[in-house]
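Below is upload.cif, which holds mmCIF, C-alpha atoms.
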```cif
data_run
#
loop_
_atom_site.label_atom_id
_atom_site.label_comp_id
_atom_site.auth_asym_id
_atom_site.auth_seq_id
_atom_site.Cartn_x
_atom_site.Cartn_y
_atom_site.Cartn_z
CA MET H 1 7.76 -25.87 -4.70
CA ASN H 2 7.53 -24.37 -8.16
CA VAL H 3 7.85 -20.62 -7.63
CA ASN H 4 6.29 -19.88 -11.05
CA GLU H 5 3.01 -21.45 -10.00
CA LYS H 6 2.83 -19.64 -6.66
CA LEU H 7 4.27 -16.15 -7.19
CA GLU H 8 3.02 -13.15 -9.18
CA ILE H 9 5.32 -10.11 -9.35
CA VAL H 10 3.82 -6.66 -9.91
CA LEU H 11 6.09 -3.67 -10.58
CA ILE H 12 4.73 -0.18 -10.01
CA THR H 13 6.25 2.61 -12.10
CA TYR H 14 5.81 6.21 -13.15
CA ASN H 15 8.38 8.21 -15.16
CA ARG H 16 11.37 6.38 -13.74
CA ARG H 17 12.55 4.52 -16.81
CA GLU H 18 16.16 4.11 -15.66
CA TYR H 19 15.18 2.77 -12.24
CA LEU H 20 12.76 0.34 -13.85
CA LYS H 21 15.47 -0.83 -16.25
CA THR H 22 17.81 -1.61 -13.35
CA THR H 23 15.08 -3.48 -11.47
CA LEU H 24 14.07 -5.48 -14.55
CA ASP H 25 17.71 -6.38 -15.22
CA GLU H 26 17.99 -7.76 -11.68
CA ILE H 27 14.71 -9.68 -11.75
CA LEU H 28 15.34 -11.11 -15.23
CA ALA H 29 19.03 -11.92 -14.74
CA ASP H 30 20.18 -15.41 -15.69
CA ASN H 31 20.76 -16.33 -12.04
CA SER H 32 17.44 -14.91 -10.78
CA PRO H 33 15.14 -17.52 -9.21
CA VAL H 34 12.08 -15.46 -10.23
CA LYS H 35 12.98 -14.60 -13.82
CA THR H 36 10.27 -16.83 -15.30
CA CYS H 37 7.47 -15.85 -12.91
CA ASP H 38 4.53 -13.87 -14.22
CA ILE H 39 5.59 -10.22 -14.02
CA THR H 40 3.17 -7.37 -14.58
CA ILE H 41 4.26 -3.75 -14.87
CA LEU H 42 1.62 -1.25 -13.76
CA ASN H 43 2.61 1.91 -15.56
CA ASN H 44 1.02 5.04 -14.15
CA ALA H 45 0.79 6.80 -17.55
CA SER H 46 4.52 7.48 -17.86
CA ASP H 47 5.67 9.77 -20.65
CA ASP H 48 9.45 9.32 -20.34
CA GLY H 49 9.97 6.28 -22.57
CA THR H 50 8.99 3.73 -19.93
CA SER H 51 6.43 2.09 -22.23
CA GLU H 52 8.96 1.68 -25.02
CA LEU H 53 11.44 0.14 -22.58
CA VAL H 54 8.90 -2.39 -21.36
CA GLU H 55 7.93 -3.31 -24.91
CA GLU H 56 11.61 -4.01 -25.67
CA TYR H 57 11.86 -6.35 -22.68
CA LYS H 58 8.64 -8.12 -23.66
CA ILE H 59 10.26 -9.30 -26.90
CA SER H 60 12.65 -11.62 -25.06
CA HIS H 61 10.56 -12.17 -21.91
CA PRO H 62 7.06 -13.44 -22.75
CA ASN H 63 6.23 -13.64 -19.03
CA LEU H 64 6.08 -9.81 -18.88
CA LYS H 65 2.76 -8.00 -19.08
CA HIS H 66 2.38 -4.24 -19.37
CA ILE H 67 -0.67 -2.38 -18.13
CA ILE H 68 -0.77 1.37 -18.72
CA ASN H 69 -3.23 3.38 -16.67
CA PRO H 70 -5.12 5.92 -18.82
CA LYS H 71 -3.96 8.62 -16.41
CA ASN H 72 -1.69 8.92 -13.39
CA ILE H 73 -3.75 7.62 -10.47
CA GLY H 74 -0.99 8.22 -7.93
CA GLY H 75 1.47 5.85 -6.33
CA CYS H 76 -0.78 4.65 -3.50
CA ALA H 77 -3.69 3.98 -5.83
CA ASN H 78 -1.41 2.07 -8.21
CA ILE H 79 -0.20 -0.11 -5.32
CA ALA H 80 -3.81 -0.67 -4.21
CA LYS H 81 -4.64 -1.66 -7.80
CA ALA H 82 -1.84 -4.22 -7.72
CA TYR H 83 -3.24 -5.88 -4.62
CA SER H 84 -6.89 -5.67 -5.65
CA GLU H 85 -6.39 -7.00 -9.18
CA PHE H 86 -3.59 -9.53 -8.73
CA SER H 87 -3.73 -10.93 -5.20
CA SER H 88 -6.22 -13.67 -6.05
CA ARG H 89 -4.36 -15.02 -9.07
CA LYS H 90 -1.60 -16.86 -7.24
CA GLU H 91 -0.81 -17.84 -3.69
CA TYR H 92 1.71 -15.01 -3.29
CA ILE H 93 2.05 -11.52 -4.75
CA TRP H 94 5.23 -9.47 -4.62
CA VAL H 95 4.60 -5.78 -5.26
CA LEU H 96 7.72 -3.79 -6.08
CA CYS H 97 8.32 -0.19 -6.94
CA ASP H 98 10.50 0.63 -9.92
CA ASN H 99 13.55 1.32 -7.76
CA ASP H 100 13.38 -1.73 -5.45
#
```
Could you take the file, read its structure, and then write that structure out as structure tokens?
Amino acid sequence: MNVNEKLEIVLITYNRREYLKTTLDEILADNSPVKTCDITILNNASDDGTSELVEEYKISHPNLKHIINPKNIGGCANIAKAYSEFSSRKEYIWVLCDND
């Protein structure tokens, strides 16, 4: 089984830049089996430097996508957005919060 073809990872975040950094470092580590999967970050209109951090990671990880909500829609709505917009793209979806 090729995990890249079957798994989409969606990370939910809002103003938790340092937590997101730690989670991205784990997911994108050299020994991570999911480091080359499609990874989308759903940013709930963070204003703490989260967007800049994601853009830095995107330079060396072309499998990262960054979606910024125009306003904070709340954690539950952001999770619902992950499932409603990404669940049909691949066989599996893994929704993580920024500190998972």
Handout entry: Coordinates-based distance that separates CA of Ile59 (chain H) from CA of Asn4 (chain H) (Å, one decimal)
Key =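 Straight-line distance from CA of Asn4 (chain H) to CA of Ile59 (chain H) works out to 19.5 Å.
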Exercise for the section: Please provide as a list in words all residues within 6 Å of Tyr19 (chain H), with the sequence filter that same-chain residues fewer than 3 positions apart are discarded (counting only C-alpha atoms). Expected result: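 That gives Arg16, Thr22, Asp98 and Asn99 of chain H.
Here CA of Ile68 (chain H) is placed at a distance of 28.7 Å from CA of Asn31 (chain H).
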Exercise for the section: Measure the distance from CA of Tyr83 (chain H) to CA of Val10 (chain H) in Å and round it to one decimal. Expected result: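 If I compute the distance from CA of Tyr83 (chain H) to CA of Val10 (chain H), I get 8.9 Å.
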Practice task
Starting from the shown file, work through the PyMOL selection byres ((chain H and resi 44) around 10) and note down what comes out as a list in words.
Solution key: Ile12, Thr13, Tyr14, Asn15, Ile41, Leu42, Asn43, Ala45, Ser46, Asp47, Thr50, Ile67, Ile68, Asn69, Pro70, Lys71, Asn72, Ile73, Gly74, Gly75, Ala77 and Asn78 of chain H
Exercise for the section: Return the single residue from H:Pro33, H:Lys65, H:Leu20, H:Ile93 that is closest to Gly49 (chain H), with distances computed using all atoms listed in the file. Expected result: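 Ranking H:Pro33, H:Lys65, H:Leu20, H:Ile93 by distance to Gly49 (chain H), first place goes to H:Leu20.
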Problem - Selection as a VMD selection string: residues within 10 Å of (5.2, -5.4, -3.8), counting all atoms listed in the file - result: chain H and resid 8 to 12 79 82 to 83 93 to 97 100
Problem - Answer as a list in words, residues within 12 Å of (10.8, -13.0, -23.0) using all atoms listed in the file - result: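 In the file's frame, the residues around the point are Leu24, Leu28, Ala29, Lys35, Thr36, Cys37, Asp38, Ile39, Val54, Glu55, Glu56, Tyr57, Lys58, Ile59, Ser60, His61, Pro62, Asn63, Leu64 and Lys65 of chain H.
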Output C-alpha atoms for every residue in the selection just made, as a compact mmCIF listing (two decimals), in the coordinates of the input.
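File written: part_12.txt
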```
# COMPACT_ATOMS: atom_id res chain seq x y z
CA LEU H 24 14.07 -5.48 -14.55
CA LEU H 28 15.34 -11.11 -15.23
CA ALA H 29 19.03 -11.92 -14.74
CA LYS H 35 12.98 -14.60 -13.82
CA THR H 36 10.27 -16.83 -15.30
CA CYS H 37 7.47 -15.85 -12.91
CA ASP H 38 4.53 -13.87 -14.22
CA ILE H 39 5.59 -10.22 -14.02
CA VAL H 54 8.90 -2.39 -21.36
CA GLU H 55 7.93 -3.31 -24.91
CA GLU H 56 11.61 -4.01 -25.67
CA TYR H 57 11.86 -6.35 -22.68
CA LYS H 58 8.64 -8.12 -23.66
CA ILE H 59 10.26 -9.30 -26.90
CA SER H 60 12.65 -11.62 -25.06
CA HIS H 61 10.56 -12.17 -21.91
CA PRO H 62 7.06 -13.44 -22.75
CA ASN H 63 6.23 -13.64 -19.03
CA LEU H 64 6.08 -9.81 -18.88
CA LYS H 65 2.76 -8.00 -19.08
```
Practice task
Using all atoms listed in the file, pick whichever of H:Glu52, H:Leu7, H:Asp25, H:Asn2 has the shortest atom-to-atom distance to Phe86 (chain H).
Solution key: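 Going through H:Glu52, H:Leu7, H:Asp25, H:Asn2 one by one, the smallest distance to Phe86 (chain H) is for H:Leu7.
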Exercise for the section: May I ask which of the residues H:Arg17, H:Val34, H:Tyr92, H:Cys76 is the closest one to Asp48 (chain H), counting all atoms listed in the file? Expected result: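 Looking at the shortest contact to Asp48 (chain H), the residue is H:Arg17.
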